[in-house]
file query.cif (mmCIF, C-alpha atoms and all ligand atoms)
data_run
loop_
_atom_site.label_atom_id
_atom_site.label_comp_id
_atom_site.auth_asym_id
_atom_site.auth_seq_id
_atom_site.Cartn_x
_atom_site.Cartn_y
_atom_site.Cartn_z
CA MET Q 1 -9.54 -34.14 -17.80
CA SER Q 2 -12.91 -35.19 -19.20
CA ILE Q 3 -13.52 -34.61 -22.90
CA LEU Q 4 -16.52 -32.45 -22.11
CA LEU Q 5 -14.49 -30.15 -19.85
CA LYS Q 6 -11.79 -29.93 -22.48
CA ASN Q 7 -14.33 -29.07 -25.16
CA VAL Q 8 -15.77 -26.25 -23.12
CA ILE Q 9 -12.97 -24.71 -21.05
CA ARG Q 10 -10.08 -22.77 -22.62
CA PRO Q 11 -6.67 -24.46 -22.12
CA GLU Q 12 -5.16 -21.36 -20.46
CA ILE Q 13 -7.90 -21.51 -17.81
CA PHE Q 14 -6.99 -25.11 -17.02
CA GLU Q 15 -3.40 -24.06 -16.52
CA LEU Q 16 -4.32 -21.15 -14.28
CA SER Q 17 -4.42 -21.51 -10.47
CA ALA Q 18 -7.15 -19.54 -8.73
CA TYR Q 19 -5.98 -16.69 -6.47
CA HIS Q 20 -5.44 -18.52 -3.19
CA VAL Q 21 -7.02 -17.09 -0.04
CA PRO Q 22 -6.25 -19.27 3.02
CA PRO Q 23 -8.85 -19.61 5.80
CA ALA Q 24 -8.19 -17.08 8.55
CA LYS Q 25 -10.90 -17.66 11.15
CA GLY Q 26 -9.55 -17.04 14.65
CA MET Q 27 -6.09 -16.11 13.34
CA ILE Q 28 -4.07 -12.95 13.79
CA LYS Q 29 -4.62 -11.90 10.21
CA LEU Q 30 -1.59 -10.17 8.74
CA ASP Q 31 -1.71 -11.57 5.22
CA ALA Q 32 -3.84 -9.24 3.09
CA MET Q 33 -2.79 -5.62 3.74
CA GLU Q 34 -6.04 -4.76 5.46
CA ASN Q 35 -6.34 -1.82 7.84
CA PRO Q 36 -6.62 -3.51 11.28
CA TYR Q 37 -8.81 -0.80 12.81
CA PRO Q 38 -12.61 -0.77 12.71
CA LEU Q 39 -14.58 2.40 11.99
CA SER Q 40 -15.51 4.55 14.98
CA LEU Q 41 -18.63 3.57 16.92
CA THR Q 42 -20.39 6.80 15.89
CA LEU Q 43 -19.73 6.11 12.24
CA ARG Q 44 -20.92 2.53 12.59
CA GLU Q 45 -24.13 3.77 14.19
CA GLU Q 46 -24.64 6.19 11.32
CA ILE Q 47 -24.08 3.34 8.88
CA ALA Q 48 -26.69 1.26 10.71
CA GLN Q 49 -29.13 4.14 10.14
CA LEU Q 50 -28.25 4.21 6.47
CA ALA Q 51 -28.87 0.47 6.24
CA GLU Q 52 -32.25 0.89 7.90
CA ASN Q 53 -33.41 3.37 5.30
CA ALA Q 54 -31.62 2.03 2.22
CA THR Q 55 -33.78 1.21 -0.79
CA ILE Q 56 -32.33 -2.20 -1.39
CA ASN Q 57 -35.43 -3.30 -3.29
CA ARG Q 58 -34.19 -0.95 -6.04
CA TYR Q 59 -31.08 -1.20 -8.18
CA PRO Q 60 -28.30 1.21 -7.24
CA ASP Q 61 -27.61 4.45 -9.14
CA PRO Q 62 -25.69 2.99 -12.10
CA THR Q 63 -23.57 6.13 -12.44
CA ALA Q 64 -22.92 6.46 -8.66
CA SER Q 65 -22.72 10.19 -9.30
CA VAL Q 66 -22.91 11.31 -5.65
CA LEU Q 67 -20.15 8.93 -4.66
CA LYS Q 68 -17.98 9.97 -7.61
CA ASN Q 69 -18.31 13.64 -6.66
CA ILE Q 70 -17.23 12.93 -3.10
CA LEU Q 71 -14.30 10.84 -4.34
CA ARG Q 72 -13.29 13.63 -6.71
CA LYS Q 73 -13.18 16.16 -3.88
CA THR Q 74 -11.63 13.88 -1.26
CA LEU Q 75 -8.88 12.51 -3.48
CA SER Q 76 -8.26 15.80 -5.35
CA VAL Q 77 -9.00 14.33 -8.77
CA PRO Q 78 -8.23 16.99 -11.41
CA ASP Q 79 -11.34 18.58 -12.99
CA ASP Q 80 -10.38 17.49 -16.50
CA MET Q 81 -10.09 13.79 -15.53
CA SER Q 82 -12.94 11.26 -15.31
CA ILE Q 83 -13.57 8.50 -12.77
CA LEU Q 84 -14.63 4.89 -13.33
CA LEU Q 85 -15.67 2.72 -10.39
CA GLY Q 86 -14.99 -0.95 -9.88
CA ASN Q 87 -16.07 -3.57 -7.37
CA GLY Q 88 -12.54 -3.40 -5.99
CA SER Q 89 -9.69 -2.32 -8.25
CA ASP Q 90 -9.36 -5.97 -9.32
CA GLU Q 91 -12.53 -5.48 -11.34
CA ILE Q 92 -11.03 -2.42 -13.04
CA ILE Q 93 -7.96 -4.40 -14.10
CA GLN Q 94 -10.39 -6.90 -15.61
CA MET Q 95 -12.36 -4.23 -17.52
CA ILE Q 96 -9.15 -2.83 -18.98
CA ALA Q 97 -7.79 -6.25 -19.96
CA LEU Q 98 -11.07 -7.33 -21.55
CA ALA Q 99 -11.24 -4.11 -23.56
CA ALA Q 100 -7.68 -4.55 -24.84
CA ALA Q 101 -7.71 -8.31 -25.49
CA LYS Q 102 -7.20 -8.27 -29.25
CA PRO Q 103 -5.63 -11.49 -30.51
CA GLY Q 104 -1.97 -11.47 -29.46
CA ALA Q 105 -2.28 -8.34 -27.30
CA VAL Q 106 0.22 -8.10 -24.45
CA LEU Q 107 -0.16 -6.86 -20.88
CA LEU Q 108 3.23 -6.07 -19.36
CA GLY Q 109 4.00 -6.02 -15.66
CA LEU Q 110 7.09 -6.08 -13.45
CA ASP Q 111 7.89 -9.25 -11.51
CA PRO Q 112 7.62 -9.79 -8.64
CA GLY Q 113 4.46 -7.73 -8.83
CA PHE Q 114 0.77 -7.94 -7.99
CA ALA Q 115 -0.33 -11.47 -8.95
CA MET Q 116 -3.69 -10.38 -10.34
CA PHE Q 117 -2.09 -8.53 -13.28
CA ARG Q 118 -0.96 -11.88 -14.68
CA ILE Q 119 -4.05 -13.85 -13.66
CA ILE Q 120 -6.51 -11.32 -15.11
CA ALA Q 121 -4.47 -10.84 -18.30
CA THR Q 122 -4.52 -14.59 -18.83
CA PHE Q 123 -8.21 -15.20 -18.25
CA SER Q 124 -9.13 -12.13 -20.29
CA GLY Q 125 -7.31 -13.53 -23.32
CA MET Q 126 -4.20 -11.32 -23.19
CA SER Q 127 -0.62 -12.54 -23.05
CA TYR Q 128 1.24 -11.57 -19.90
CA VAL Q 129 4.88 -10.51 -20.05
CA GLY Q 130 6.63 -10.00 -16.71
CA VAL Q 131 9.91 -8.07 -16.69
CA PRO Q 132 12.15 -9.10 -13.78
CA LEU Q 133 13.07 -6.42 -11.25
CA ASN Q 134 16.66 -6.08 -10.07
CA GLU Q 135 17.73 -8.15 -7.05
CA ASP Q 136 17.07 -5.20 -4.74
CA PHE Q 137 13.58 -4.95 -6.31
CA SER Q 138 14.36 -1.69 -8.08
CA LEU Q 139 13.09 -1.26 -11.62
CA ASN Q 140 15.39 -2.58 -14.34
CA LEU Q 141 14.86 0.22 -16.84
CA GLU Q 142 16.96 -1.25 -19.61
CA ALA Q 143 15.22 -4.64 -19.45
CA THR Q 144 11.82 -2.95 -19.26
CA LEU Q 145 12.45 -0.72 -22.28
CA THR Q 146 13.80 -3.69 -24.23
CA ALA Q 147 10.67 -5.71 -23.40
CA ILE Q 148 8.44 -2.78 -24.39
CA ASN Q 149 10.22 -2.58 -27.71
CA ARG Q 150 10.04 -6.29 -28.28
CA TYR Q 151 6.48 -7.10 -27.14
CA GLN Q 152 4.76 -3.77 -27.91
CA PRO Q 153 2.39 -4.12 -24.93
CA SER Q 154 -0.94 -2.38 -25.29
CA ILE Q 155 -1.25 -2.25 -21.49
CA ILE Q 156 1.43 -1.73 -18.82
CA PHE Q 157 0.55 -2.04 -15.14
CA LEU Q 158 2.94 -0.70 -12.46
CA ALA Q 159 2.12 -0.76 -8.77
CA TYR Q 160 3.51 2.32 -6.96
CA PRO Q 161 4.48 1.32 -4.23
CA ASN Q 162 4.94 -2.19 -5.53
CA ASN Q 163 3.30 -5.27 -3.99
CA PRO Q 164 4.80 -7.57 -2.65
CA THR Q 165 8.12 -5.69 -2.38
CA GLY Q 166 6.85 -2.45 -0.78
CA ASN Q 167 9.24 -0.09 -2.59
CA LEU Q 168 8.60 2.86 -4.89
CA PHE Q 169 10.15 2.67 -8.33
CA ASP Q 170 12.23 5.54 -9.62
CA MET Q 171 9.87 8.18 -10.99
CA GLN Q 172 12.16 9.26 -13.84
CA SER Q 173 12.33 5.66 -15.04
CA ILE Q 174 8.53 5.46 -14.98
CA HIS Q 175 8.36 8.65 -17.06
CA GLN Q 176 10.60 7.02 -19.63
CA ILE Q 177 8.40 3.92 -19.66
CA ILE Q 178 5.29 6.07 -20.17
CA GLN Q 179 6.98 7.88 -23.05
CA GLU Q 180 8.22 4.71 -24.75
CA ALA Q 181 4.99 2.73 -24.26
CA PRO Q 182 3.02 2.13 -27.46
CA GLY Q 183 -0.19 1.81 -25.41
CA ILE Q 184 -1.39 2.93 -21.99
CA VAL Q 185 0.35 2.80 -18.64
CA ILE Q 186 -1.75 2.34 -15.50
CA ILE Q 187 -0.10 3.32 -12.25
CA ASP Q 188 -1.73 1.30 -9.49
CA GLU Q 189 -1.58 3.43 -6.35
CA ALA Q 190 -3.31 0.95 -4.03
CA TYR Q 191 -0.81 1.81 -1.26
CA HIS Q 192 -0.71 5.54 -1.94
CA ALA Q 193 -1.85 6.54 1.57
CA PHE Q 194 1.25 4.97 3.09
CA ALA Q 195 3.69 6.50 0.62
CA GLY Q 196 2.32 9.98 0.11
CA VAL Q 197 3.61 10.35 -3.47
CA SER Q 198 1.37 10.16 -6.50
CA PHE Q 199 1.12 10.52 -10.26
CA MET Q 200 -2.22 12.34 -9.88
CA ASP Q 201 -0.82 15.74 -10.84
CA GLN Q 202 1.01 14.24 -13.82
CA LEU Q 203 -2.07 12.83 -15.57
CA ALA Q 204 -2.44 15.96 -17.72
CA GLN Q 205 1.17 15.68 -18.87
CA PHE Q 206 0.93 12.17 -20.35
CA PRO Q 207 -1.99 11.31 -22.69
CA ASN Q 208 -1.39 7.56 -22.21
CA LEU Q 209 -1.26 7.60 -18.38
CA LEU Q 210 -4.07 6.40 -16.10
CA LEU Q 211 -4.18 6.03 -12.34
CA MET Q 212 -5.84 3.41 -10.16
CA ARG Q 213 -6.74 3.74 -6.47
CA THR Q 214 -8.67 1.61 -3.99
CA LEU Q 215 -10.33 2.17 -0.61
CA SER Q 216 -9.35 -1.36 0.44
CA LYS Q 217 -6.11 -0.52 2.23
CA LEU Q 218 -7.68 2.48 3.96
CA GLY Q 219 -10.10 0.49 6.09
CA LEU Q 220 -12.84 -0.45 3.62
CA ALA Q 221 -11.57 -3.73 2.14
CA GLY Q 222 -14.89 -5.42 2.83
CA LEU Q 223 -16.80 -2.81 0.85
CA ARG Q 224 -15.00 -3.47 -2.46
CA LEU Q 225 -14.49 -0.09 -4.09
CA GLY Q 226 -11.74 0.85 -6.49
CA LEU Q 227 -11.43 3.67 -8.99
CA LEU Q 228 -9.70 4.47 -12.23
CA ILE Q 229 -8.84 8.09 -12.98
CA GLY Q 230 -8.01 9.32 -16.44
CA ARG Q 231 -9.12 11.00 -19.64
CA SER Q 232 -12.74 10.45 -20.60
CA GLU Q 233 -11.78 9.19 -24.07
CA TRP Q 234 -10.26 6.11 -22.39
CA LEU Q 235 -12.78 5.73 -19.55
CA GLU Q 236 -15.75 5.89 -21.93
CA GLN Q 237 -14.45 2.75 -23.62
CA PHE Q 238 -13.81 0.87 -20.35
CA GLU Q 239 -17.27 1.90 -19.11
CA LYS Q 240 -18.73 -0.36 -21.80
CA LEU Q 241 -17.28 -3.36 -19.96
CA ARG Q 242 -18.53 -2.29 -16.56
CA LEU Q 243 -21.58 -4.31 -15.56
CA PRO Q 244 -24.46 -1.85 -15.03
CA TYR Q 245 -24.88 -2.12 -11.25
CA ASN Q 246 -21.41 -3.15 -10.13
CA ILE Q 247 -21.38 -0.75 -7.15
CA GLY Q 248 -24.24 -1.76 -4.85
CA VAL Q 249 -26.63 0.46 -2.90
CA MET Q 250 -24.92 -0.19 0.45
CA THR Q 251 -21.42 0.29 -0.97
CA GLN Q 252 -22.40 3.67 -2.38
CA LEU Q 253 -24.08 4.82 0.84
CA ILE Q 254 -21.33 3.61 3.16
CA ALA Q 255 -18.49 4.93 1.02
CA GLU Q 256 -20.21 8.34 0.74
CA LYS Q 257 -20.59 8.44 4.52
CA VAL Q 258 -17.08 7.25 5.39
CA LEU Q 259 -15.43 9.58 2.88
CA GLN Q 260 -16.94 12.51 4.77
CA HIS Q 261 -14.67 11.35 7.60
CA TYR Q 262 -11.63 10.74 5.43
CA ASP Q 263 -9.37 12.42 8.00
CA ASP Q 264 -10.17 9.62 10.46
CA LEU Q 265 -8.90 7.07 7.94
CA LEU Q 266 -5.77 9.12 7.35
CA LYS Q 267 -5.15 9.26 11.11
CA GLN Q 268 -5.22 5.46 11.18
CA THR Q 269 -2.81 5.45 8.26
CA THR Q 270 -0.41 7.62 10.25
CA VAL Q 271 -0.55 5.16 13.16
CA ILE Q 272 0.11 2.28 10.74
CA LYS Q 273 3.14 4.12 9.32
CA THR Q 274 4.59 4.61 12.81
CA GLU Q 275 4.02 0.93 13.55
CA ARG Q 276 5.68 0.04 10.25
CA SER Q 277 8.90 1.82 11.29
CA LYS Q 278 8.82 0.13 14.67
CA LEU Q 279 8.24 -3.35 13.28
CA LEU Q 280 10.82 -2.83 10.55
CA SER Q 281 13.55 -1.92 13.01
CA GLU Q 282 12.60 -4.79 15.36
CA LEU Q 283 12.68 -7.29 12.50
CA SER Q 284 15.98 -5.92 11.21
CA ASP Q 285 17.51 -6.52 14.65
CA LEU Q 286 16.51 -10.20 14.65
CA SER Q 287 19.37 -12.44 13.68
CA GLY Q 288 18.63 -14.47 10.57
CA ILE Q 289 16.23 -11.88 9.12
CA THR Q 290 16.82 -9.53 6.20
CA THR Q 291 14.21 -6.82 5.81
CA PHE Q 292 13.41 -4.68 2.79
CA PRO Q 293 12.39 -1.03 3.11
CA SER Q 294 8.67 -0.36 2.70
CA GLU Q 295 6.54 2.58 1.65
CA ALA Q 296 3.37 0.50 2.03
CA ASN Q 297 1.45 -1.08 4.94
CA PHE Q 298 3.41 -4.32 4.82
CA ILE Q 299 6.99 -5.50 5.19
CA LEU Q 300 8.81 -8.01 3.03
CA PHE Q 301 11.53 -9.99 4.76
CA ARG Q 302 13.79 -12.94 4.10
CA THR Q 303 14.66 -15.75 6.47
CA LYS Q 304 16.16 -19.19 6.16
CA ARG Q 305 13.66 -21.99 5.48
CA ALA Q 306 10.85 -19.46 4.97
CA SER Q 307 8.13 -22.00 4.16
CA GLU Q 308 8.79 -23.81 7.44
CA VAL Q 309 8.75 -20.53 9.36
CA TYR Q 310 5.46 -19.59 7.65
CA THR Q 311 3.83 -22.89 8.60
CA GLU Q 312 5.02 -22.65 12.19
CA LEU Q 313 3.69 -19.10 12.47
CA LYS Q 314 0.36 -20.39 11.21
CA GLN Q 315 0.41 -23.14 13.84
CA LYS Q 316 0.92 -20.41 16.43
CA GLY Q 317 -2.14 -18.59 15.10
CA VAL Q 318 -0.42 -15.92 12.99
CA LEU Q 319 -1.27 -15.74 9.31
CA ILE Q 320 1.13 -13.88 7.00
CA LYS Q 321 1.93 -14.42 3.30
CA ASN Q 322 4.41 -16.98 2.06
CA LEU Q 323 6.11 -15.82 -1.14
CA ASP Q 324 8.81 -18.47 -1.21
CA GLY Q 325 8.66 -20.24 -4.54
CA THR Q 326 6.45 -17.65 -6.26
CA ASN Q 327 9.37 -15.93 -8.01
CA PRO Q 328 13.14 -16.60 -8.02
CA LEU Q 329 13.80 -13.14 -6.54
CA LEU Q 330 11.50 -13.95 -3.64
CA LYS Q 331 13.36 -17.04 -2.49
CA ASP Q 332 12.77 -17.48 1.26
CA CYS Q 333 10.69 -14.31 1.43
CA LEU Q 334 7.63 -13.69 3.61
CA ARG Q 335 5.35 -10.65 3.73
CA VAL Q 336 3.68 -9.37 6.86
CA THR Q 337 0.95 -6.72 6.93
CA VAL Q 338 1.39 -4.06 9.60
CA GLY Q 339 -1.39 -4.62 12.14
CA THR Q 340 -2.26 -3.10 15.51
CA PRO Q 341 0.59 -2.75 18.02
CA HIS Q 342 -0.78 -5.82 19.83
CA GLU Q 343 -0.97 -7.92 16.64
CA ASN Q 344 2.52 -6.85 15.60
CA ALA Q 345 3.87 -7.77 19.03
CA GLN Q 346 2.23 -11.20 18.84
CA PHE Q 347 3.67 -11.78 15.39
CA TYR Q 348 7.10 -10.62 16.51
CA TYR Q 349 7.04 -12.81 19.61
CA ALA Q 350 5.95 -15.90 17.65
CA LEU Q 351 8.58 -15.28 14.97
CA SER Q 352 11.43 -14.76 17.43
CA GLN Q 353 10.46 -17.96 19.26
CA ILE Q 354 10.51 -19.92 16.00
CA LEU Q 355 13.89 -18.49 14.98
CA GLU Q 356 15.35 -19.19 18.41
CA ASN Q 357 14.24 -22.83 18.25
CA LYS Q 358 15.83 -23.17 14.85
CA ASN Q 359 19.07 -21.57 15.99
CA PHE Q 360 19.19 -19.23 13.01
N1 LIG R 1 -3.44 -3.49 -6.62
C1 LIG R 1 -2.52 -3.91 -5.77
C2 LIG R 1 -1.10 -3.54 -6.00
C3 LIG R 1 -2.88 -4.71 -4.67
O1 LIG R 1 -1.93 -5.15 -3.84
C4 LIG R 1 -4.24 -5.04 -4.48
C5 LIG R 1 -4.73 -5.89 -3.33
N2 LIG R 1 -3.86 -6.76 -2.76
C6 LIG R 1 -5.16 -4.59 -5.40
C7 LIG R 1 -4.74 -3.80 -6.46
C8 LIG R 1 -6.61 -4.97 -5.33
O2 LIG R 1 -7.31 -4.19 -4.47
P1 LIG R 1 -8.88 -4.20 -4.39
O3 LIG R 1 -9.21 -4.64 -3.03
O4 LIG R 1 -9.28 -2.78 -4.67
O5 LIG R 1 -9.42 -5.13 -5.46
#

call {"tool": "encode", "arguments": {"input": "query.cif", "output": "structure tokens"}}
result
Amino acid sequence: MSILLKNVIRPEIFELSAYHVPPAKGMIKLDAMENPYPLSLTLREEIAQLAENATINRYPDPTASVLKNILRKTLSVPDDMSILLGNGSDEIIQMIALAAAKPGAVLLGLDPGFAMFRIIATFSGMSYVGVPLNEDFSLNLEATLTAINRYQPSIIFLAYPNNPTGNLFDMQSIHQIIQEAPGIVIIDEAYHAFAGVSFMDQLAQFPNLLLMRTLSKLGLAGLRLGLLIGRSEWLEQFEKLRLPYNIGVMTQLIAEKVLQHYDDLLKQTTVIKTERSKLLSELSDLSGITTFPSEANFILFRTKRASEVYTELKQKGVLIKNLDGTNPLLKDCLRVTVGTPHENAQFYYALSQILENKNF
């Protein structure tokens, strides 16, 4: 490392690995929990019209008030709660961490969990504490409460359902965590549409509870729009870290338009859930595969020599996520996003061929 680099860059940044996104051109892309279906042709034509007339020579509405009102109605956000928008929910995690990064402040997550909680905590100047889940990926309440007591985290992030495991944690245990937490608890409901359960109607009950959602898994990943829902006393502080024009003109227009057709997105979600059950039972029937139940739009499974299987799938043109080596509980685990029936069939065919050749 050159002296100049060392003088300028913080040591924890040197130690950090960037969030890895492998190239996916031409692949069957089942690695990032995207919705595999495009918008309807009519909607795309309407969006083309919007683009034609958009005032992109001007900055966007910094408050995105029209969009926020539509989101409030569509997602049934309670009247007494505020909304903050992020360029993806990743950006919201960053605003929260930056606001809370007092010297020595701790962000607590559950591991294995969403990798960005740790990465963002670290580059924002917070310390990350990850509490291990049980072997079946359920929440270890005792260990979590002990860690809360010991580290006094100002921020706790819980994904519900959890990524990369796909399960929902026990709600009573989460209530206990919220009650014991000395700071705020953010429930990240990125996969809410596939699970159907939510903490939305519990926000009023817990003054230290906030909720995060994203449109990414619903078919708008390319747009980058996430939201935080909670009491204005908290959101007013996080707003100070939001860069003034973080939600662009086109994002606002397209999201407003698509949200008027929210039912279409939910119909796609229903198809994805049916496909999830089908793929889950097919995978469970394969010898050499252990599957884990999922309430999200992906399936975690274990196989022998997972890294080899992952690489061979890639060679056959199927990209999924290799989690082997990322956490001791995820030994030999891979995660596949539920795609279209055709994509799922291609993945399944490639995987069964690989397993057959290996005699698992
Ligand atoms: N939270 C969880 C649990 C996720 O899995 C993801 C995306 N993989 C995100 C947040 C980030 O979503 P966005 O596209 O809104 O930044």

call {"tool": "closest_residue", "arguments": {"input": "query.cif", "among": "Q:Ser138, Q:Asp332, Q:Leu98, Q:Val258", "to": "Asp170 (chain Q)", "atoms": "all atoms listed in the file"}}
result
Q:Ser138

call {"tool": "closest_residue", "arguments": {"input": "query.cif", "among": "Q:Leu67, Q:Ile320, Q:Met33, Q:Ile155", "to": "ligand LIG 1 (chain R)", "atoms": "all atoms listed in the file"}}
result
Q:Met33

call {"tool": "closest_residue", "arguments": {"input": "query.cif", "among": "Q:Ala345, Q:Ala147, Q:Gly125, Q:Thr63", "to": "Glu282 (chain Q)", "atoms": "all atoms listed in the file"}}
result
Q:Ala345

call {"tool": "closest_atom_pairs", "arguments": {"input": "query.cif", "of": "chain Q", "to": "ligand LIG 1 (chain R)", "cutoff": "10 Å", "atoms": "all atoms listed in the file", "output": "CSV"}}
result
residue,atom,partner,partner_atom,distance
Q:Asp31,CA,R:LIG1,N2,9.6
Q:Ala32,CA,R:LIG1,N2,6.4
Q:Met33,CA,R:LIG1,N2,6.7
Q:Glu34,CA,R:LIG1,N2,8.7
Q:Gly86,CA,R:LIG1,O4,7.9
Q:Asn87,CA,R:LIG1,O5,7.1
Q:Gly88,CA,R:LIG1,O4,3.6
Q:Ser89,CA,R:LIG1,O4,3.6
Q:Asp90,CA,R:LIG1,O5,4.0
Q:Glu91,CA,R:LIG1,O5,6.7
Q:Ile92,CA,R:LIG1,O5,8.2
Q:Ile93,CA,R:LIG1,C7,8.3
Q:Gly113,CA,R:LIG1,C2,7.5
Q:Phe114,CA,R:LIG1,C2,5.2
Q:Ala115,CA,R:LIG1,O1,8.3
Q:Met116,CA,R:LIG1,C7,7.7
Q:Phe117,CA,R:LIG1,N1,8.5
Q:Phe157,CA,R:LIG1,C2,9.4
Q:Leu158,CA,R:LIG1,C2,8.1
Q:Ala159,CA,R:LIG1,C2,5.1
Q:Tyr160,CA,R:LIG1,C2,7.5
Q:Pro161,CA,R:LIG1,C2,7.6
Q:Asn162,CA,R:LIG1,C2,6.2
Q:Asn163,CA,R:LIG1,C2,5.1
Q:Pro164,CA,R:LIG1,O1,7.3
Q:Gly166,CA,R:LIG1,C2,9.6
Q:Ile187,CA,R:LIG1,C2,9.3
Q:Asp188,CA,R:LIG1,N1,5.8
Q:Glu189,CA,R:LIG1,C2,7.0
Q:Ala190,CA,R:LIG1,N1,5.1
Q:Tyr191,CA,R:LIG1,C2,7.2
Q:His192,CA,R:LIG1,C2,10.0
Q:Met212,CA,R:LIG1,N1,8.1
Q:Arg213,CA,R:LIG1,O4,7.2
Q:Thr214,CA,R:LIG1,O4,4.5
Q:Leu215,CA,R:LIG1,O4,6.5
Q:Ser216,CA,R:LIG1,O3,4.8
Q:Lys217,CA,R:LIG1,O3,7.4
Q:Leu220,CA,R:LIG1,O3,8.7
Q:Ala221,CA,R:LIG1,O3,5.8
Q:Gly222,CA,R:LIG1,O3,8.2
Q:Leu223,CA,R:LIG1,O3,8.7
Q:Arg224,CA,R:LIG1,O3,5.9
Q:Leu225,CA,R:LIG1,O4,5.9
Q:Gly226,CA,R:LIG1,O4,4.7
Q:Leu227,CA,R:LIG1,O4,8.1
Q:Ala296,CA,R:LIG1,O1,9.7

call {"tool": "atom_distance", "arguments": {"input": "query.cif", "atom1": "CA of Glu308 (chain Q)", "atom2": "CA of Val21 (chain Q)"}}
result
18.7 Å

call {"tool": "atom_distance", "arguments": {"input": "query.cif", "atom1": "CA of Val249 (chain Q)", "atom2": "CA of Pro60 (chain Q)"}}
result
4.7 Å

call {"tool": "closest_residue", "arguments": {"input": "query.cif", "among": "Q:Asp201, Q:Glu45, Q:Asp285, Q:Asp61", "to": "Gln252 (chain Q)", "atoms": "all atoms listed in the file"}}
result
Q:Asp61

call {"tool": "closest_residue", "arguments": {"input": "query.cif", "among": "Q:Leu39, Q:Ala306, Q:Leu243, Q:Ile9", "to": "Gln94 (chain Q)", "atoms": "all atoms listed in the file"}}
result
Q:Leu243

call {"tool": "residues_near_point", "arguments": {"input": "query.cif", "point": "(0.0, -10.4, 6.3)", "cutoff": "12 Å", "atoms": "all atoms listed in the file", "output": "ChimeraX atom specification"}}
result
/Q:21-22,24,27-36,163-164,297-301,310,313-314,318-323,334-340,343-344,347

call {"tool": "write_last_selection", "arguments": {"input": "query.cif", "atoms": "C-alpha atoms", "output": "PDB file, keeping the file's coordinate frame"}}
result
ATOM      1  CA  VAL Q  21      -7.020 -17.090  -0.040  1.00  0.00           C
ATOM      2  CA  PRO Q  22      -6.250 -19.270   3.020  1.00  0.00           C
ATOM      3  CA  ALA Q  24      -8.190 -17.080   8.550  1.00  0.00           C
ATOM      4  CA  MET Q  27      -6.090 -16.110  13.340  1.00  0.00           C
ATOM      5  CA  ILE Q  28      -4.070 -12.950  13.790  1.00  0.00           C
ATOM      6  CA  LYS Q  29      -4.620 -11.900  10.210  1.00  0.00           C
ATOM      7  CA  LEU Q  30      -1.590 -10.170   8.740  1.00  0.00           C
ATOM      8  CA  ASP Q  31      -1.710 -11.570   5.220  1.00  0.00           C
ATOM      9  CA  ALA Q  32      -3.840  -9.240   3.090  1.00  0.00           C
ATOM     10  CA  MET Q  33      -2.790  -5.620   3.740  1.00  0.00           C
ATOM     11  CA  GLU Q  34      -6.040  -4.760   5.460  1.00  0.00           C
ATOM     12  CA  ASN Q  35      -6.340  -1.820   7.840  1.00  0.00           C
ATOM     13  CA  PRO Q  36      -6.620  -3.510  11.280  1.00  0.00           C
ATOM     14  CA  ASN Q 163       3.300  -5.270  -3.990  1.00  0.00           C
ATOM     15  CA  PRO Q 164       4.800  -7.570  -2.650  1.00  0.00           C
ATOM     16  CA  ASN Q 297       1.450  -1.080   4.940  1.00  0.00           C
ATOM     17  CA  PHE Q 298       3.410  -4.320   4.820  1.00  0.00           C
ATOM     18  CA  ILE Q 299       6.990  -5.500   5.190  1.00  0.00           C
ATOM     19  CA  LEU Q 300       8.810  -8.010   3.030  1.00  0.00           C
ATOM     20  CA  PHE Q 301      11.530  -9.990   4.760  1.00  0.00           C
ATOM     21  CA  TYR Q 310       5.460 -19.590   7.650  1.00  0.00           C
ATOM     22  CA  LEU Q 313       3.690 -19.100  12.470  1.00  0.00           C
ATOM     23  CA  LYS Q 314       0.360 -20.390  11.210  1.00  0.00           C
ATOM     24  CA  VAL Q 318      -0.420 -15.920  12.990  1.00  0.00           C
ATOM     25  CA  LEU Q 319      -1.270 -15.740   9.310  1.00  0.00           C
ATOM     26  CA  ILE Q 320       1.130 -13.880   7.000  1.00  0.00           C
ATOM     27  CA  LYS Q 321       1.930 -14.420   3.300  1.00  0.00           C
ATOM     28  CA  ASN Q 322       4.410 -16.980   2.060  1.00  0.00           C
ATOM     29  CA  LEU Q 323       6.110 -15.820  -1.140  1.00  0.00           C
ATOM     30  CA  LEU Q 334       7.630 -13.690   3.610  1.00  0.00           C
ATOM     31  CA  ARG Q 335       5.350 -10.650   3.730  1.00  0.00           C
ATOM     32  CA  VAL Q 336       3.680  -9.370   6.860  1.00  0.00           C
ATOM     33  CA  THR Q 337       0.950  -6.720   6.930  1.00  0.00           C
ATOM     34  CA  VAL Q 338       1.390  -4.060   9.600  1.00  0.00           C
ATOM     35  CA  GLY Q 339      -1.390  -4.620  12.140  1.00  0.00           C
ATOM     36  CA  THR Q 340      -2.260  -3.100  15.510  1.00  0.00           C
ATOM     37  CA  GLU Q 343      -0.970  -7.920  16.640  1.00  0.00           C
ATOM     38  CA  ASN Q 344       2.520  -6.850  15.600  1.00  0.00           C
ATOM     39  CA  PHE Q 347       3.670 -11.780  15.390  1.00  0.00           C
TER      40      PHE Q 347
END

call {"tool": "closest_residue", "arguments": {"input": "query.cif", "among": "Q:Ile3, Q:Val66, Q:Leu253, Q:Ile289", "to": "Leu50 (chain Q)", "atoms": "only C-alpha atoms"}}
result
Q:Leu253

call {"tool": "atom_distance", "arguments": {"input": "query.cif", "atom1": "CA of Pro62 (chain Q)", "atom2": "CA of Ile186 (chain Q)"}}
result
24.2 Å

call {"tool": "residues_around", "arguments": {"input": "query.cif", "residues": "Asp264 (chain Q)", "least_positions_apart": "3", "cutoff": "12 Å", "atoms": "all atoms listed in the file", "output": "count of residues only"}}
result
17
